[in-house]
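Right, one structure below, let's go through it.
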Amino acid sequence: MTAANVRHRAWRFGRTAETVCVWCLRLQGYRVLARRYRSPVGEIDIIARRGRVVAIIEVKARAQANDAAEALTPRQRLRIARAASAFLQANPALGACDLRFDAMALTRWQWPLHLRDAWRPDA
């Protein structure tokens, strides 16, 4: 298998993981506000709302659950926090909501692990 094929399969696995996580969130009562939100300062995989909570969710798909849960680097957290700020500035109606940073870890043939309040941008 060529390197291009490996990258394509990894990209496809990541996109499939995002779709699975979106459906998981919907089953839990979340309303998905945005997928693959991009701003000049960063990207967010999923932005979802349930009640007064707006969840900024990073999806990590890996072969092993431990690898997926530990794959979020401090640099990525900073970029996600900046993108979340840009999203809230563009959507002032959500300003009264509580903001939470979550992660969802996904491995093949497993239900996604939703890590609520996985990190805080000021920590």
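In the structure tokens, the first chain shown is A, the next is B, and so on; residue numbers restart at 1 for each chain, and ligands run from 1 in the order shown.
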
- Task: Return as a list in words the full set of residues in range 25-111 of chain A whose backbone-based DSSP assignment is alpha helix (DSSP H).
- Result: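 Checking each residue of range 25-111 of chain A, the alpha helix (DSSP H) ones are Leu25, Arg26, Leu27, Ala65, Asn66, Asp67, Ala68, Ala69, Pro74, Arg75, Gln76, Arg77, Leu78, Arg79, Ile80, Ala81, Arg82, Ala83, Ala84, Ser85, Ala86, Phe87, Leu88, Gln89 and Ala90 of chain A.
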
Would you output that residue set with C-alpha atoms, as an mmCIF file, in the first residue's frame?
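Listing of selection_16.cif after writing:
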data_model
loop_
_atom_site.group_PDB
_atom_site.id
_atom_site.type_symbol
_atom_site.label_atom_id
_atom_site.label_comp_id
_atom_site.auth_asym_id
_atom_site.auth_seq_id
_atom_site.Cartn_x
_atom_site.Cartn_y
_atom_site.Cartn_z
ATOM 1 C CA LEU A 25 -24.463 13.269 20.088
ATOM 2 C CA ARG A 26 -27.870 13.537 18.443
ATOM 3 C CA LEU A 27 -29.001 10.388 20.243
ATOM 4 C CA ALA A 65 -8.615 3.860 22.808
ATOM 5 C CA ASN A 66 -5.710 5.123 24.931
ATOM 6 C CA ASP A 67 -4.025 6.645 21.884
ATOM 7 C CA ALA A 68 -7.229 8.451 20.919
ATOM 8 C CA ALA A 69 -7.811 9.871 24.395
ATOM 9 C CA PRO A 74 -1.636 21.681 24.115
ATOM 10 C CA ARG A 75 -1.057 23.433 20.783
ATOM 11 C CA GLN A 76 -4.263 21.919 19.352
ATOM 12 C CA ARG A 77 -6.175 22.943 22.475
ATOM 13 C CA LEU A 78 -5.048 26.538 22.025
ATOM 14 C CA ARG A 79 -6.085 26.591 18.357
ATOM 15 C CA ILE A 80 -9.478 25.071 19.225
ATOM 16 C CA ALA A 81 -10.032 27.644 22.000
ATOM 17 C CA ARG A 82 -9.222 30.466 19.571
ATOM 18 C CA ALA A 83 -11.594 29.029 16.967
ATOM 19 C CA ALA A 84 -14.304 28.719 19.642
ATOM 20 C CA SER A 85 -13.861 32.396 20.474
ATOM 21 C CA ALA A 86 -14.209 33.269 16.775
ATOM 22 C CA PHE A 87 -17.359 31.132 16.523
ATOM 23 C CA LEU A 88 -18.947 32.831 19.538
ATOM 24 C CA GLN A 89 -18.103 36.267 18.153
ATOM 25 C CA ALA A 90 -19.831 35.307 14.904
#

- From a DSSP calculation on the backbone, collect every residue of chain A in strand (DSSP E) and output the set as number ranges by chain. A: 31-39, 42-50, 53-61, 98-106, 113-119

Saved selection, atoms kept: C-alpha atoms, as a PDB file, in the first residue's frame:
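Output below, filename out.pdb:
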ATOM      1  CA  ARG A  31     -28.242  19.732  18.399  1.00  0.00           C
ATOM      2  CA  VAL A  32     -25.267  20.011  16.092  1.00  0.00           C
ATOM      3  CA  LEU A  33     -24.597  23.662  15.274  1.00  0.00           C
ATOM      4  CA  ALA A  34     -21.548  23.169  13.049  1.00  0.00           C
ATOM      5  CA  ARG A  35     -19.248  20.493  11.680  1.00  0.00           C
ATOM      6  CA  ARG A  36     -15.684  21.110  10.586  1.00  0.00           C
ATOM      7  CA  TYR A  37     -15.945  24.780  11.538  1.00  0.00           C
ATOM      8  CA  ARG A  38     -12.956  26.691  10.182  1.00  0.00           C
ATOM      9  CA  SER A  39     -11.702  30.108  11.107  1.00  0.00           C
ATOM     10  CA  GLY A  42      -8.212  27.181  14.004  1.00  0.00           C
ATOM     11  CA  GLU A  43     -10.687  24.424  13.268  1.00  0.00           C
ATOM     12  CA  ILE A  44     -13.340  22.683  15.371  1.00  0.00           C
ATOM     13  CA  ASP A  45     -14.619  19.214  14.486  1.00  0.00           C
ATOM     14  CA  ILE A  46     -18.093  19.528  16.023  1.00  0.00           C
ATOM     15  CA  ILE A  47     -19.985  22.313  17.788  1.00  0.00           C
ATOM     16  CA  ALA A  48     -23.124  21.068  19.516  1.00  0.00           C
ATOM     17  CA  ARG A  49     -25.656  22.451  21.951  1.00  0.00           C
ATOM     18  CA  ARG A  50     -27.833  20.863  24.585  1.00  0.00           C
ATOM     19  CA  VAL A  53     -24.349  24.263  27.127  1.00  0.00           C
ATOM     20  CA  VAL A  54     -22.414  24.755  23.907  1.00  0.00           C
ATOM     21  CA  ALA A  55     -19.918  21.927  23.531  1.00  0.00           C
ATOM     22  CA  ILE A  56     -16.792  22.389  21.450  1.00  0.00           C
ATOM     23  CA  ILE A  57     -15.854  18.828  20.511  1.00  0.00           C
ATOM     24  CA  GLU A  58     -12.602  17.463  19.121  1.00  0.00           C
ATOM     25  CA  VAL A  59     -12.871  13.988  17.601  1.00  0.00           C
ATOM     26  CA  LYS A  60      -9.894  11.656  17.781  1.00  0.00           C
ATOM     27  CA  ALA A  61     -10.012   8.349  15.925  1.00  0.00           C
ATOM     28  CA  ASP A  98     -22.033  27.922  29.048  1.00  0.00           C
ATOM     29  CA  LEU A  99     -19.024  26.854  26.979  1.00  0.00           C
ATOM     30  CA  ARG A 100     -17.517  23.411  27.447  1.00  0.00           C
ATOM     31  CA  PHE A 101     -14.572  21.747  25.717  1.00  0.00           C
ATOM     32  CA  ASP A 102     -15.113  18.037  25.090  1.00  0.00           C
ATOM     33  CA  ALA A 103     -13.289  15.277  23.285  1.00  0.00           C
ATOM     34  CA  MET A 104     -14.684  12.147  21.693  1.00  0.00           C
ATOM     35  CA  ALA A 105     -12.402   9.164  21.265  1.00  0.00           C
ATOM     36  CA  LEU A 106     -13.311   6.544  18.723  1.00  0.00           C
ATOM     37  CA  LEU A 113     -16.159   7.642  24.323  1.00  0.00           C
ATOM     38  CA  HIS A 114     -17.466  11.128  25.121  1.00  0.00           C
ATOM     39  CA  LEU A 115     -15.092  12.933  27.488  1.00  0.00           C
ATOM     40  CA  ARG A 116     -17.149  15.847  28.781  1.00  0.00           C
ATOM     41  CA  ASP A 117     -15.237  18.887  30.000  1.00  0.00           C
ATOM     42  CA  ALA A 118     -12.009  17.238  28.784  1.00  0.00           C
ATOM     43  CA  TRP A 119      -9.977  20.424  29.211  1.00  0.00           C
TER      44      TRP A 119
END

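Take the candidates A:Ala3, A:Val41, A:Ala71, A:Val20 and check each one against Arg108 in chain A using only C-alpha atoms; the shortest distance goes to A:Val20.
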
- Distance criterion (only C-alpha atoms): nearest to Cys21 in chain A out of A:Gly51, A:Gly95, A:Pro40, A:Pro112: A:Pro112

- Task: Tell me which of A:Arg52, A:Val6, A:Met1, A:Ala93 sits closest to Tyr30 in chain A, counting only C-alpha atoms.
- Result: A:Arg52
